[in-house]
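> Got a structure for you, written out below as structure tokens; questions coming shortly.
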Amino acid sequence: MFKRLTTMRDKIVKQNGMVVNLSGDEKVLPAVMPAVDTFVGSMKKDEAVTKTLHDTFSESMFLPMENEGFTVPSQVNYVVKGGPMYKPGDKVSGATSVVTRSLSLQYLWDNVRVMGGAYGGFARFSDTSGRMVFMSYRDPNLQKTLDIYDKAPEALLDHSPSKEDILQDIIGTVADLDKPMAPDSKGYASMVEFLSGESAADRQAYRDGVLNSSAQDYADFGERLKKVSKDGSICVVGSDAAMEEANKERPEGDKLKVGPAF
């Protein structure tokens with residue numbers, strides 16, 4: 001067993017492509033660098049160039065997408081639906097974070113939490129992956145919440161926000177961008193920027209998108225969001241009764257595949 005684990009370690013952990021992320025002041029970092037050099041030097045290094053996952057990856061390697069439900073002895077549910085809104089190479093404006101914030105703190109708050117009775121409802125969009133995710137927390141509903149998610153594009157397209165609403169969303173988004181960070185958070189953010197190749201100019205362009213958000217950005221986001229409503233995948237953790245009831249309403253081919261969580 002030990003030999004197998006050692007072999008696995010040597011296959012996974014190598015000097016090739018290793019990135020070490022350290023956060024510290026100008027006194028700490030020089031003091032720890034000898035130990036870091038020793039640690040990195042102890043790792044194996046492949047001299048031959050081998051193919052990477054990037055070279056061999058194909059979407060055919062993915063498992064088929066399914067709507068899943070995991071049953072637990074609970075009277076509440078955790079309802080998630082998400083999917084891609086952008087394709088690789090598409091430009092993502094900073095305005096997307098403004099619209100997402102509006103969906104979370106207005107549309108989902110009103111419909112999933114206040115009227116639906118869930119403890120929380122959230123929308124999260126990743127500008128790096130181009131994926132949108134809706135989530136509810138301790139939710140007494142299931143299919144009703146999924147219907148609310150699917151009507152989010154309609155909410156954006158049918159109700160143009162006022163200048164005052166947009167300004168409030170922008171202020172909240174900037175507060176999120178500029179919130180204080182602890183040293184470890186600063187180090188992690190710096191590593192992500194390094195790995196992604198994000199430059200100061202990229203960050204400024206994103207910030208400009210936030211500050212220049214308009215009603216048209218809300219409508220454009222709503223149009224793209226239709227793809228998540230139509231083709232997004234679902235994952236639910238909750239009661240067996242709630243999933244059974246939801247599957248009675250869902251069409252064939254779009255039902256939840258239900259199984260125990262453990």
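By convention in this document, the chains of the structure tokens carry letters A, B, ... by their order, each chain's residues are numbered from 1, and ligands are numbered from 1 in the order they are shown.
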I want to know what sits within 10 Å of region 194-199 of chain A, based on only C-alpha atoms, with residues of the same chain fewer than 6 positions away left out; could you give that as number ranges by chain?

A: 19, 128, 188, 205

> Compile the contact shell of Asp158 (chain A) as a ChimeraX atom specification: residues with an atom at most 10 Å away, counting only C-alpha atoms, same-chain residues fewer than 3 positions apart removed.

/A:153-155,161,219,222

> Which residue gives the smallest distance to Lys45 (chain A) among A:Gln15, A:Ser129, A:Ser213, A:Gln143, with only C-alpha atoms counted?

A:Gln15

> Residues at most 10 Å from Val258 (chain A), counting only C-alpha atoms, excluding those fewer than 6 positions away in the same chain, as a PDB file with C-alpha atoms, in the first residue's frame?


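Ended up saving to out27.pdb:
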```pdb
ATOM      1  CA  ASN A  67     -30.880  16.271 -13.137  1.00  0.00           C
ATOM      2  CA  GLU A  68     -30.055  14.742  -9.768  1.00  0.00           C
ATOM      3  CA  GLY A  69     -31.768  14.544  -6.405  1.00  0.00           C
ATOM      4  CA  PHE A  70     -30.178  13.256  -3.204  1.00  0.00           C
ATOM      5  CA  THR A  71     -32.600  12.307  -0.448  1.00  0.00           C
ATOM      6  CA  CYS A 235     -29.056  19.216  -8.265  1.00  0.00           C
ATOM      7  CA  VAL A 236     -31.260  18.980  -5.182  1.00  0.00           C
ATOM      8  CA  VAL A 237     -30.623  17.729  -1.657  1.00  0.00           C
ATOM      9  CA  ASP A 240     -37.883  12.144  -0.881  1.00  0.00           C
ATOM     10  CA  MET A 243     -38.657  15.118  -5.115  1.00  0.00           C
ATOM     11  CA  GLU A 244     -41.450  12.672  -5.794  1.00  0.00           C
ATOM     12  CA  ASN A 247     -41.191  14.623 -10.634  1.00  0.00           C
TER      13      ASN A 247
END
```

> Identify, with DSSP run on backbone atoms, the residues in region 131-220 of chain A assigned to strand (DSSP E or B), and express the list as a compact mmCIF listing (two decimals) with N, CA and C atoms, in the first residue's frame.


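File written: states_23.txt
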```
# COMPACT_ATOMS: atom_id res chain seq x y z
N ARG A 131 -20.36 30.56 -16.21
CA ARG A 131 -21.48 29.76 -15.72
C ARG A 131 -22.29 30.53 -14.68
N MET A 132 -23.60 30.31 -14.72
CA MET A 132 -24.52 30.91 -13.77
C MET A 132 -25.12 29.81 -12.89
N VAL A 133 -25.25 30.08 -11.60
CA VAL A 133 -25.83 29.11 -10.68
C VAL A 133 -26.84 29.81 -9.78
N PHE A 134 -28.03 29.20 -9.66
CA PHE A 134 -29.03 29.62 -8.69
C PHE A 134 -29.03 28.62 -7.54
N MET A 135 -29.20 29.13 -6.30
CA MET A 135 -29.17 28.25 -5.13
C MET A 135 -30.21 28.71 -4.11
N SER A 136 -30.81 27.75 -3.43
CA SER A 136 -31.66 28.07 -2.28
C SER A 136 -31.19 27.27 -1.08
N TYR A 137 -31.47 27.80 0.10
CA TYR A 137 -30.96 27.22 1.35
C TYR A 137 -32.12 27.03 2.32
N ASP A 139 -35.01 25.33 2.07
CA ASP A 139 -36.14 25.75 1.24
C ASP A 139 -37.30 24.76 1.42
```

> Within 8 Å of region 89-96 of chain A, which residues of region 175-210 of chain A show up? Give each one with its shortest atom-to-atom distance in Å (one decimal) and the two atoms involved, counting only C-alpha atoms, rows by chain then rising residue number, as JSON lines.


```
{"residue": "A:Ala205", "atom": "CA", "partner": "A:Gly94", "partner_atom": "CA", "distance": 7.7}
{"residue": "A:Tyr206", "atom": "CA", "partner": "A:Gly94", "partner_atom": "CA", "distance": 4.4}
{"residue": "A:Arg207", "atom": "CA", "partner": "A:Gly94", "partner_atom": "CA", "distance": 6.0}
{"residue": "A:Asp208", "atom": "CA", "partner": "A:Gly94", "partner_atom": "CA", "distance": 7.1}
{"residue": "A:Gly209", "atom": "CA", "partner": "A:Gly94", "partner_atom": "CA", "distance": 4.3}
{"residue": "A:Val210", "atom": "CA", "partner": "A:Gly94", "partner_atom": "CA", "distance": 4.6}
```

> Please produce a file of those selected residues containing N, CA and C atoms, as a PDB file, in the first residue's frame.


```pdb
ATOM      1  N   ALA A 205     -10.566  47.157 -16.919  1.00  0.00           N
ATOM      2  CA  ALA A 205     -11.652  47.036 -17.905  1.00  0.00           C
ATOM      3  C   ALA A 205     -12.895  46.434 -17.247  1.00  0.00           C
ATOM      4  N   TYR A 206     -12.695  45.459 -16.364  1.00  0.00           N
ATOM      5  CA  TYR A 206     -13.828  44.854 -15.664  1.00  0.00           C
ATOM      6  C   TYR A 206     -14.497  45.883 -14.756  1.00  0.00           C
ATOM      7  N   ARG A 207     -13.693  46.652 -14.055  1.00  0.00           N
ATOM      8  CA  ARG A 207     -14.234  47.688 -13.166  1.00  0.00           C
ATOM      9  C   ARG A 207     -14.995  48.741 -13.977  1.00  0.00           C
ATOM     10  N   ASP A 208     -14.462  49.093 -15.139  1.00  0.00           N
ATOM     11  CA  ASP A 208     -15.159  50.062 -15.992  1.00  0.00           C
ATOM     12  C   ASP A 208     -16.529  49.523 -16.398  1.00  0.00           C
ATOM     13  N   GLY A 209     -16.591  48.207 -16.669  1.00  0.00           N
ATOM     14  CA  GLY A 209     -17.870  47.590 -17.015  1.00  0.00           C
ATOM     15  C   GLY A 209     -18.867  47.693 -15.876  1.00  0.00           C
ATOM     16  N   VAL A 210     -18.371  47.532 -14.647  1.00  0.00           N
ATOM     17  CA  VAL A 210     -19.233  47.679 -13.471  1.00  0.00           C
ATOM     18  C   VAL A 210     -19.769  49.106 -13.384  1.00  0.00           C
TER      19      VAL A 210
END
```

> Taking only C-alpha atoms into account, which of A:Asp231, A:Glu193, A:Asp165, A:Glu223 comes nearest Leu105 (chain A)?

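The closest residue to Leu105 (chain A) is A:Asp165.
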
> Provide the CA of Leu167 (chain A) to CA of Phe221 (chain A) distance in Å, to one decimal place.

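CA of Phe221 (chain A) lies 17.2 Å from CA of Leu167 (chain A).
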
> What gap, in Å, lies between CA of Ile166 (chain A) and CA of Val98 (chain A)?

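Computed distance, CA of Ile166 (chain A) to CA of Val98 (chain A), equals 8.0 Å.
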
> For each of A:Lys14, A:Lys248, A:Arg224, A:Arg9, take the minimum atom-to-atom distance to Leu157 (chain A), counting only C-alpha atoms, then give the residue where this is smallest.

A:Arg224

> Give me, as a compact mmCIF listing (two decimals) with C-alpha atoms, in the first residue's frame, the residues of region 70-216 of chain A that a backbone DSSP run labels alpha helix (DSSP H).


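Saved file part27.txt follows:
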```
# COMPACT_ATOMS: atom_id res chain seq x y z
CA ALA A 95 -21.77 44.57 -15.68
CA THR A 96 -22.57 40.86 -15.23
CA SER A 97 -21.65 41.10 -11.54
CA VAL A 98 -23.99 44.08 -11.14
CA VAL A 99 -26.94 42.21 -12.68
CA THR A 100 -26.18 39.06 -10.68
CA ARG A 101 -26.20 41.07 -7.48
CA SER A 102 -29.60 42.47 -8.44
CA GLN A 143 -40.38 22.66 -8.07
CA LYS A 144 -41.78 26.07 -7.18
CA THR A 145 -38.23 27.33 -6.63
CA LEU A 146 -37.05 25.83 -9.93
CA ASP A 147 -39.91 27.66 -11.66
CA ILE A 148 -38.72 30.92 -10.07
CA TYR A 149 -35.20 30.29 -11.39
CA ASP A 150 -36.55 29.67 -14.88
CA ALA A 152 -35.44 35.02 -13.99
CA PRO A 153 -34.81 35.96 -17.67
CA GLU A 154 -38.40 37.19 -17.90
CA ALA A 155 -37.93 39.30 -14.78
CA LEU A 156 -34.90 41.02 -16.31
CA LEU A 157 -36.43 41.50 -19.75
CA ASP A 158 -39.90 42.68 -18.69
CA LYS A 163 -31.27 54.69 -12.83
CA GLU A 164 -31.55 54.71 -9.04
CA ASP A 165 -31.77 50.90 -8.89
CA ILE A 166 -28.77 50.52 -11.18
CA LEU A 167 -26.77 52.97 -9.07
CA GLN A 168 -27.53 51.00 -5.90
CA ASP A 169 -26.47 47.75 -7.60
CA ILE A 170 -23.23 49.37 -8.78
CA ILE A 171 -22.44 50.72 -5.29
CA GLY A 172 -22.97 47.27 -3.76
CA THR A 173 -20.83 45.58 -6.42
CA VAL A 174 -17.96 48.04 -5.93
CA ALA A 175 -18.17 47.42 -2.18
CA ASP A 176 -17.68 43.70 -2.88
CA LEU A 177 -14.74 44.40 -5.20
CA PRO A 183 -2.90 38.77 3.97
CA ASP A 184 -3.78 35.18 3.03
CA SER A 185 -6.65 36.43 0.85
CA LYS A 186 -4.36 38.91 -0.88
CA GLY A 187 -1.87 36.14 -1.57
CA TYR A 188 -4.53 33.83 -2.96
CA ALA A 189 -5.95 36.60 -5.17
CA SER A 190 -2.46 37.32 -6.48
CA MET A 191 -1.92 33.63 -7.29
CA VAL A 192 -5.22 33.42 -9.17
CA GLU A 193 -4.28 36.49 -11.20
CA PHE A 194 -0.91 34.91 -12.00
CA LEU A 195 -2.38 31.56 -13.03
CA SER A 196 -5.12 33.13 -15.15
CA ALA A 200 -4.05 45.27 -14.23
CA ALA A 201 -5.55 46.45 -17.53
CA ASP A 202 -7.98 43.48 -17.48
CA ARG A 203 -9.06 44.34 -13.94
CA GLN A 204 -9.56 47.99 -14.87
CA ALA A 205 -11.65 47.04 -17.91
CA TYR A 206 -13.83 44.85 -15.66
CA ARG A 207 -14.23 47.69 -13.17
CA ASP A 208 -15.16 50.06 -15.99
CA GLY A 209 -17.87 47.59 -17.01
CA VAL A 210 -19.23 47.68 -13.47
CA LEU A 211 -19.25 51.48 -13.29
CA ALA A 215 -30.42 48.94 -18.37
CA GLN A 216 -29.28 47.35 -21.64
```

> Can you measure CA of Asn212 (chain A) to CA of Ser160 (chain A) for me? One decimal in Å is fine.

16.0 Å

> I want to know what sits within 10 Å of Asn141 (chain A), based on only C-alpha atoms, with residues of the same chain fewer than 6 positions away left out; could you give that as number ranges by chain?

A: 75-79, 112, 116-118, 238, 242-243, 246

> So that I can see what lies close to Val228 (chain A), please list as a list in words the residues with an atom at most 7 Å from it, counting only C-alpha atoms and leaving out residues fewer than 4 positions away in the same chain.

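Contacts, with the query itself left out: Gly82, Gly83, Pro84, Met85 and Gly232 of chain A.
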